[in-house]
$ cat start.txt   # compact mmCIF, C-alpha atoms
# COMPACT_ATOMS: atom_id res chain seq x y z
CA MET Y 3 32.24 52.92 77.22
CA ARG Y 4 31.65 53.13 80.97
CA MET Y 5 33.00 49.59 81.31
CA ILE Y 6 36.19 50.61 79.54
CA PHE Y 7 36.67 53.54 81.94
CA LEU Y 8 36.01 51.24 84.90
CA ALA Y 9 38.50 48.71 83.60
CA ILE Y 10 41.10 51.44 83.10
CA ALA Y 11 40.40 52.81 86.59
CA CYS Y 12 40.72 49.34 88.13
CA GLY Y 13 43.92 48.81 86.19
CA LEU Y 14 45.34 52.09 87.44
CA ILE Y 15 44.43 51.28 91.04
CA THR Y 16 46.00 47.83 90.78
CA THR Y 17 49.11 49.27 89.14
CA SER Y 18 49.31 51.98 91.80
CA SER Y 19 49.04 49.40 94.58
CA ALA Y 20 51.70 47.20 92.98
CA MET Y 21 54.00 50.22 92.57
CA ALA Y 22 53.53 51.10 96.25
CA GLN Y 23 54.40 47.53 97.23
CA ASN Y 24 57.50 47.60 95.02
CA ALA Y 25 58.55 50.93 96.55
CA ASP Y 26 58.05 49.50 100.05
CA ALA Y 27 60.15 46.45 99.17
CA GLU Y 28 62.89 48.63 97.67
CA THR Y 29 62.96 50.86 100.76
CA ARG Y 30 63.05 47.84 103.05
CA ALA Y 31 66.01 46.45 101.07
CA ILE Y 32 67.81 49.79 101.44
CA VAL Y 33 67.17 49.82 105.19
CA ASP Y 34 68.36 46.23 105.56
CA THR Y 35 71.59 47.00 103.68
CA TYR Y 36 72.17 50.13 105.73
CA MET Y 37 71.63 48.21 108.98
CA ALA Y 38 73.93 45.42 107.78
CA HIS Y 39 76.71 47.99 107.33
CA TYR Y 40 75.93 49.45 110.77
CA SER Y 41 76.01 45.99 112.34
CA ALA Y 42 79.36 45.26 110.69
CA ALA Y 43 80.75 48.64 111.86
CA GLU Y 44 81.29 49.58 108.21
CA PHE Y 45 80.59 53.21 108.95
CA GLU Y 46 81.93 54.68 105.70
CA ALA Y 47 79.61 52.39 103.76
CA MET Y 48 76.64 53.97 105.56
CA ALA Y 49 77.36 57.38 103.99
CA PRO Y 50 75.39 56.99 100.72
CA TYR Y 51 72.27 56.06 102.68
CA LEU Y 52 72.21 59.18 104.86
CA ALA Y 53 70.20 62.26 103.93
CA GLU Y 54 72.12 65.50 104.08
CA ASP Y 55 69.94 66.71 106.96
CA VAL Y 56 69.90 63.38 108.83
CA VAL Y 57 69.50 63.39 112.62
CA PHE Y 58 71.26 60.67 114.61
CA SER Y 59 70.25 60.36 118.25
CA ASP Y 60 70.91 58.07 121.17
CA SER Y 61 69.18 59.70 124.10
CA THR Y 62 70.04 56.72 126.32
CA ALA Y 63 73.78 57.25 125.94
CA THR Y 64 75.20 58.01 129.35
CA GLY Y 65 77.65 60.71 130.37
CA LEU Y 66 76.63 63.09 127.58
CA GLY Y 67 74.09 65.29 129.34
CA GLU Y 68 70.32 65.42 128.96
CA THR Y 69 70.14 64.89 125.20
CA GLY Y 70 72.62 62.03 125.18
CA LEU Y 71 74.25 61.53 121.81
CA LEU Y 72 72.80 63.86 119.16
CA HIS Y 73 74.20 64.77 115.75
CA HIS Y 74 72.63 66.86 112.99
CA GLY Y 75 73.67 66.45 109.37
CA ARG Y 76 75.43 63.72 107.38
CA ASP Y 77 78.92 65.11 107.84
CA ALA Y 78 78.52 65.37 111.62
CA VAL Y 79 77.08 61.85 111.87
CA LEU Y 80 79.87 60.34 109.78
CA ALA Y 81 82.51 62.25 111.73
CA ALA Y 82 81.08 60.94 115.02
CA LEU Y 83 81.00 57.37 113.73
CA GLN Y 84 84.55 57.71 112.42
CA GLU Y 85 85.71 59.08 115.76
CA PHE Y 86 84.08 56.12 117.51
CA ALA Y 87 85.83 53.75 115.10
CA THR Y 88 89.21 55.42 115.60
CA GLN Y 89 88.89 55.49 119.37
CA TYR Y 90 87.54 51.98 119.97
CA ASN Y 91 88.34 50.03 116.79
CA PRO Y 92 85.17 47.91 116.90
CA ILE Y 93 85.19 44.58 115.06
CA GLY Y 94 81.42 44.72 114.72
CA LEU Y 95 78.25 45.77 116.52
CA ASN Y 96 76.69 42.38 115.69
CA PHE Y 97 73.02 43.20 116.17
CA GLN Y 98 70.57 40.40 116.81
CA TRP Y 99 67.09 41.65 116.00
CA GLU Y 100 64.18 39.71 117.46
CA THR Y 101 61.39 41.99 116.27
CA VAL Y 102 61.41 44.14 113.15
CA PHE Y 103 58.46 46.10 111.80
CA GLU Y 104 57.68 49.08 109.61
CA SER Y 105 54.96 51.65 109.95
CA ASN Y 106 54.75 54.99 108.17
CA ASP Y 107 58.34 54.80 106.90
CA ARG Y 108 59.63 54.10 110.43
CA TYR Y 109 61.55 50.82 110.57
CA VAL Y 110 61.78 49.51 114.12
CA PHE Y 111 64.43 46.97 115.13
CA MET Y 112 64.23 45.49 118.64
CA GLY Y 113 66.82 43.12 120.03
CA ARG Y 114 70.42 43.27 121.21
CA VAL Y 115 73.77 44.78 120.32
CA ASN Y 116 76.80 42.54 120.82
CA ALA Y 117 79.68 44.87 120.04
CA THR Y 118 83.08 43.20 119.86
CA TYR Y 119 86.52 44.76 120.16
CA PRO Y 120 90.02 43.34 119.66
CA VAL Y 121 92.16 42.44 122.67
CA GLU Y 122 95.78 41.34 122.95
CA GLN Y 123 94.82 37.89 124.25
CA GLU Y 124 94.91 35.52 121.29
CA GLY Y 125 91.62 33.97 120.25
CA MET Y 126 89.57 36.30 122.44
CA VAL Y 127 87.57 39.49 121.96
CA PHE Y 128 85.95 41.93 124.35
CA ARG Y 129 82.17 41.85 123.99
CA TRP Y 130 79.72 44.54 125.16
CA SER Y 131 76.16 43.24 124.99
CA ALA Y 132 72.96 45.11 125.76
CA ALA Y 133 69.31 45.36 124.83
CA GLN Y 134 68.91 47.80 121.93
CA THR Y 135 66.19 49.28 119.79
CA THR Y 136 66.89 51.25 116.63
CA VAL Y 137 64.29 53.27 114.74
CA ILE Y 138 65.14 54.28 111.17
CA HIS Y 139 63.00 56.94 109.50
CA MET Y 140 63.23 56.85 105.70
CA ARG Y 141 62.35 59.57 103.20
CA ASP Y 142 62.89 59.26 99.43
CA GLY Y 143 65.13 56.24 99.94
CA LEU Y 144 67.41 57.96 102.46
CA VAL Y 145 67.76 57.82 106.24
CA VAL Y 146 66.48 61.09 107.70
CA GLU Y 147 66.38 60.05 111.35
CA GLN Y 148 68.02 57.33 113.37
CA PHE Y 149 67.08 56.83 117.00
CA ASP Y 150 69.10 54.32 119.00
CA PHE Y 151 68.11 53.24 122.50
CA ALA Y 152 70.39 50.90 124.45
CA ASP Y 153 70.53 49.52 127.96
CA TYR Y 154 73.93 50.99 128.86
CA GLU Y 155 73.56 50.45 132.58
CA GLY Y 156 72.42 46.84 132.19
CA ALA Y 157 75.09 45.88 129.66
CA GLU Y 158 76.96 42.61 130.02
CA GLN Y 159 80.64 42.84 129.17
CA GLY Y 160 83.74 40.70 129.23
CA LEU Y 161 86.16 38.58 127.25
CA VAL Y 162 84.69 35.86 125.06
CA PRO Y 163 86.18 33.51 122.45
CA ALA Y 164 86.58 35.22 119.10
CA ASN Y 165 84.51 32.59 117.29
CA MET R 23 43.07 33.26 161.37
CA LYS R 24 41.82 35.89 158.99
CA PRO R 25 43.55 38.81 160.80
CA ILE R 26 46.86 36.90 160.72
CA ASN R 27 46.51 36.32 157.01
CA ALA R 28 45.61 39.95 156.49
CA ALA R 29 48.62 41.03 158.57
CA ALA R 30 50.91 38.66 156.68
CA PHE R 31 49.55 39.92 153.38
CA PHE R 32 50.08 43.52 154.48
CA CYS R 33 53.69 42.69 155.45
CA VAL R 34 54.36 41.00 152.13
CA VAL R 35 52.87 43.89 150.20
CA THR R 36 54.74 46.44 152.31
CA LEU R 37 58.04 44.58 152.02
CA ALA R 38 57.58 44.11 148.30
CA GLY R 39 56.75 47.78 147.93
CA ASN R 40 59.77 48.81 149.95
CA ALA R 41 62.04 46.51 147.94
CA TYR R 42 60.69 48.01 144.71
CA ALA R 43 61.19 51.55 146.00
CA GLN R 44 64.75 50.75 147.04
CA ASN R 45 65.69 49.06 143.79
CA VAL R 46 64.35 51.46 141.21
CA THR R 47 65.09 55.07 140.49
CA PRO R 48 62.52 57.83 141.04
CA ALA R 49 62.31 58.21 137.27
CA ARG R 50 61.50 54.53 136.87
CA GLN R 51 58.85 54.75 139.61
CA THR R 52 57.22 57.70 137.86
CA ALA R 53 57.36 56.05 134.44
CA ASP R 54 55.97 52.78 135.81
CA ALA R 55 53.15 54.59 137.63
CA TRP R 56 52.27 56.60 134.52
CA LEU R 57 52.25 53.46 132.42
CA ALA R 58 50.11 51.65 135.01
CA ALA R 59 47.52 54.43 134.86
CA TYR R 60 47.66 54.38 131.07
CA GLN R 61 47.24 50.60 130.95
CA ALA R 62 44.22 50.79 133.26
CA GLN R 63 42.88 53.73 131.24
CA ASP R 64 42.55 55.49 134.58
CA PHE R 65 42.42 59.04 133.28
CA ASN R 66 42.27 60.68 136.70
CA ALA R 67 45.45 58.91 137.77
CA ALA R 68 47.07 59.56 134.39
CA ARG R 69 46.27 63.27 134.53
CA ALA R 70 48.30 63.60 137.74
CA PHE R 71 51.47 62.95 135.69
CA LEU R 72 50.67 65.37 132.89
CA THR R 73 51.53 69.02 132.45
CA GLU R 74 50.67 71.53 129.75
CA THR R 75 53.91 70.64 127.97
CA SER R 76 53.67 66.84 128.19
CA ILE R 77 53.82 65.13 124.80
CA PHE R 78 52.18 61.88 123.67
CA ILE R 79 53.34 60.84 120.21
CA ASP R 80 53.47 57.85 117.90
CA PRO R 81 55.27 58.73 114.65
CA ALA R 82 54.21 55.35 113.24
CA SER R 83 50.64 56.67 113.16
CA PHE R 84 51.39 59.66 110.93
CA GLY R 85 49.78 59.60 107.49
CA ARG R 86 48.16 56.19 107.87
CA GLU R 87 45.14 55.78 105.62
CA GLY R 88 41.88 55.41 107.53
CA PHE R 89 43.62 55.86 110.86
CA GLY R 90 42.02 59.15 111.77
CA GLU R 91 43.85 61.75 113.79
CA PRO R 92 47.60 61.06 114.06
CA ILE R 93 48.85 60.47 117.59
CA ASN R 94 50.71 63.68 118.33
CA TRP R 95 49.29 65.50 121.31
CA THR R 96 50.66 68.14 123.66
CA GLY R 97 49.16 69.11 127.03
CA ALA R 98 47.15 67.27 129.65
CA ASP R 99 43.69 67.97 128.25
CA THR R 100 44.64 67.11 124.67
CA ILE R 101 46.39 63.90 125.70
CA ILE R 102 43.51 62.71 127.88
CA ALA R 103 41.00 63.60 125.15
CA GLY R 104 43.07 61.75 122.57
CA ILE R 105 43.59 58.58 124.58
CA SER R 106 39.99 58.45 125.79
CA SER R 107 38.74 58.79 122.20
CA TRP R 108 40.04 55.29 121.44
CA GLY R 109 37.29 53.70 123.58
CA LEU R 110 39.57 51.26 125.38
CA ASP R 111 38.88 49.28 128.52
CA GLU R 112 42.55 48.63 129.05
CA ALA R 113 45.90 48.34 127.32
CA GLU R 114 47.95 45.59 128.93
CA TYR R 115 51.67 45.52 128.15
CA THR R 116 53.75 42.36 128.00
CA PHE R 117 57.36 43.45 128.33
CA GLU R 118 60.22 41.66 126.62
CA ARG R 119 62.79 44.20 127.73
CA VAL R 120 62.61 47.19 130.07
CA TYR R 121 65.62 49.41 130.60
CA GLU R 122 66.37 52.97 131.44
CA SER R 123 68.82 55.76 131.09
CA PRO R 124 68.60 58.81 133.34
CA GLY R 125 65.07 60.19 133.10
CA ARG R 126 64.00 57.79 130.38
CA VAL R 127 62.54 54.28 130.47
CA ILE R 128 62.24 52.04 127.42
CA TYR R 129 59.53 49.39 127.41
CA ASP R 130 59.58 47.03 124.49
CA GLY R 131 57.28 44.13 123.83
CA SER R 132 53.61 44.14 122.95
CA VAL R 133 50.39 45.68 124.15
CA LEU R 134 47.07 43.82 124.33
CA VAL R 135 44.36 46.39 123.73
CA THR R 136 40.79 45.64 124.85
CA TYR R 137 38.13 47.86 123.34
CA GLN R 138 34.91 48.65 125.17
CA ASN R 139 33.03 46.44 122.67
CA GLY R 140 35.17 43.48 123.73
CA ALA R 141 37.43 43.34 120.68
CA GLN R 142 41.06 42.62 121.54
CA PHE R 143 44.15 43.30 119.45
CA ASN R 144 47.77 42.63 120.26
CA TYR R 145 50.28 45.15 118.90
CA PRO R 146 54.08 44.87 118.93
CA ILE R 147 55.27 48.15 120.40
CA ILE R 148 58.12 50.09 121.88
CA SER R 149 57.28 52.89 124.31
CA ILE R 150 59.89 55.41 125.40
CA VAL R 151 58.72 57.26 128.50
CA THR R 152 60.66 60.39 129.49
CA VAL R 153 59.92 61.88 132.91
CA GLU R 154 61.16 64.65 135.14
CA ASN R 155 60.25 65.63 138.70
CA GLY R 156 57.36 63.18 138.85
CA HIS R 157 55.81 64.32 135.57
CA LEU R 158 55.66 63.01 132.03
CA ILE R 159 57.82 64.88 129.56
CA GLU R 160 57.11 62.58 126.63
CA HIS R 161 55.44 59.24 125.94
CA ARG R 162 56.75 58.13 122.54
CA ASP R 163 55.36 54.96 120.96
CA TYR R 164 56.32 53.14 117.81
CA THR R 165 53.43 50.76 117.21
CA ASP R 166 53.33 47.99 114.64
CA PHE R 167 49.79 48.77 113.45
CA ASP R 168 50.05 46.46 110.45
CA GLY R 169 51.36 43.64 112.63
CA ALA R 170 48.43 43.64 115.04
CA THR R 171 46.76 40.31 115.71
CA ARG R 172 43.14 39.96 116.81
CA VAL R 173 43.00 37.71 119.84
CA ASP R 174 39.39 37.82 121.06
CA ALA R 175 36.81 35.19 120.08
CA GLN R 176 35.23 37.63 117.56
$ encode --input "start.txt" --output "structure tokens"
Amino acid sequence: MRMIFLAIACGLITTSSAMAQNADAETRAIVDTYMAHYSAAEFEAMAPYLAEDVVFSDSTATGLGETGLLHHGRDAVLAALQEFATQYNPIGLNFQWETVFESNDRYVFMGRVNATYPVEQEGMVFRWSAAQTTVIHMRDGLVVEQFDFADYEGAEQGLVPAN
Amino acid sequence: MKPINAAAFFCVVTLAGNAYAQNVTPARQTADAWLAAYQAQDFNAARAFLTETSIFIDPASFGREGFGEPINWTGADTIIAGISSWGLDEAEYTFERVYESPGRVIYDGSVLVTYQNGAQFNYPIISIVTVENGHLIEHRDYTDFDGATRVDAQ
């Protein structure tokens, strides 16, 4: 009888571990999709991934006071992203991540942003490139915090061929 | 010959120090000095940067099984007690990128941690150090605990 209980207990532990791994993989897939939309400047497509009480922060953003860029709530975040899109018409943010890791539901992306914008000159785009780190905090499959850090003062910028 | 070498060395060090001071902001100097003290686990030097409202935090440590106390400390005494409880000899950063915005320096790369028993682990990490008026406002780490590699001979 004891053996049966042990077997059941072992089975439950194994099942629990497998479920945790599946949940981790599902969350990672959600984060990757969200970041793909962010990279492609598909800001409206990011909406379903944001928690209602999400916080979006870029404390390195210059010219915005001590807190830098800081928005509370999904509607405010989406409005800010939409305003950015309307004002600058980005083609894409084109992230290149060199290091990505997860710990305690924080997904850390370290690399560069290579934002591109249309210009009148045919076959060319304006590119703004800088070191960037983004930290995504997930809860129940939704983004509850996003922290961006970028090297605004060390950014490289100029016209480059479109392809 | 020795005095000449010593004088030349002093000049090089002085010139290098002056060049550093001229090229970096006061915030960067403070952040670098704090991080140097932290890397050397020099708690007396580290304490000089801390106030009762300084914060040392690593949200990646919250809720980790078997990790012990999460890294979320406020105040000089609590921070020094927390860091010293790890039993480290040193924590040597290798930077891949270092950049700053006003009052804030971002160090990303990895940190090679040497424990007092000789064990060494290398952790990918990003540290965001916020300073003001020569003091630490916040040291925020995101450490890849699961991605650590053991690098000593074991």
$ atom_distance --input "start.txt" --atom1 "atom CA of R:Tyr145" --atom2 "atom CA of Y:Met112"
14.0 Å
$ atom_distance --input "start.txt" --atom1 "atom CA of R:Ala58" --atom2 "atom CA of R:Leu158"
13.0 Å
$ atom_distance --input "start.txt" --atom1 "atom CA of R:Glu154" --atom2 "atom CA of R:Thr52"
8.4 Å
$ residues_around --input "start.txt" --residues "R:Thr100" --least-positions-apart "5" --cutoff "10 Å" --atoms "only C-alpha atoms" --output "list of chain:residue names"
R:Glu74, R:Ser76, R:Ile77, R:Phe78, R:Asn94, R:Trp95, R:Ile105, R:Ser106
$ residues_near_point --input "start.txt" --point "(62.6, 58.5, 107.3)" --cutoff "12 Å" --atoms "only C-alpha atoms" --output "PyMOL selection string"
(chain Y and resi 29-30+32-33+51-53+55-58+104-110+137-149) or (chain R and resi 81-82+84)
$ closest_residue --input "start.txt" --among "Y:Val102, Y:Ile93, Y:Met37, Y:Ala132" --to "R:Gly169" --atoms "only C-alpha atoms"
Y:Val102
$ interface_residues --input "start.txt" --of "chain R" --to "chain Y" --cutoff "7 Å" --atoms "only C-alpha atoms" --output "ChimeraX atom specification"
/R:82-86,121-123,166-167
$ closest_residue --input "start.txt" --among "R:Val46, R:Leu57, R:Val173, R:Ala103" --to "R:Phe117" --atoms "only C-alpha atoms"
R:Leu57
$ residues_around --input "start.txt" --residues "Y:Ser131" --least-positions-apart "3" --cutoff "8 Å" --atoms "only C-alpha atoms" --output "list of chain:residue names"
Y:Arg114, Y:Val115, Y:Asn116, Y:Ala117, Y:Ala157, Y:Glu158, Y:Gln159
$ residues_around --input "start.txt" --residues "R:Thr75" --least-positions-apart "5" --cutoff "10 Å" --atoms "only C-alpha atoms" --output "list of chain:residue names"
R:Trp95, R:Thr96, R:Gly97, R:Ala98, R:Leu158, R:Ile159, R:Glu160
$ closest_residue --input "start.txt" --among "Y:Leu161, Y:Ala38, Y:Ala27, Y:Ala49" --to "Y:Gln98" --atoms "only C-alpha atoms"
Y:Ala38
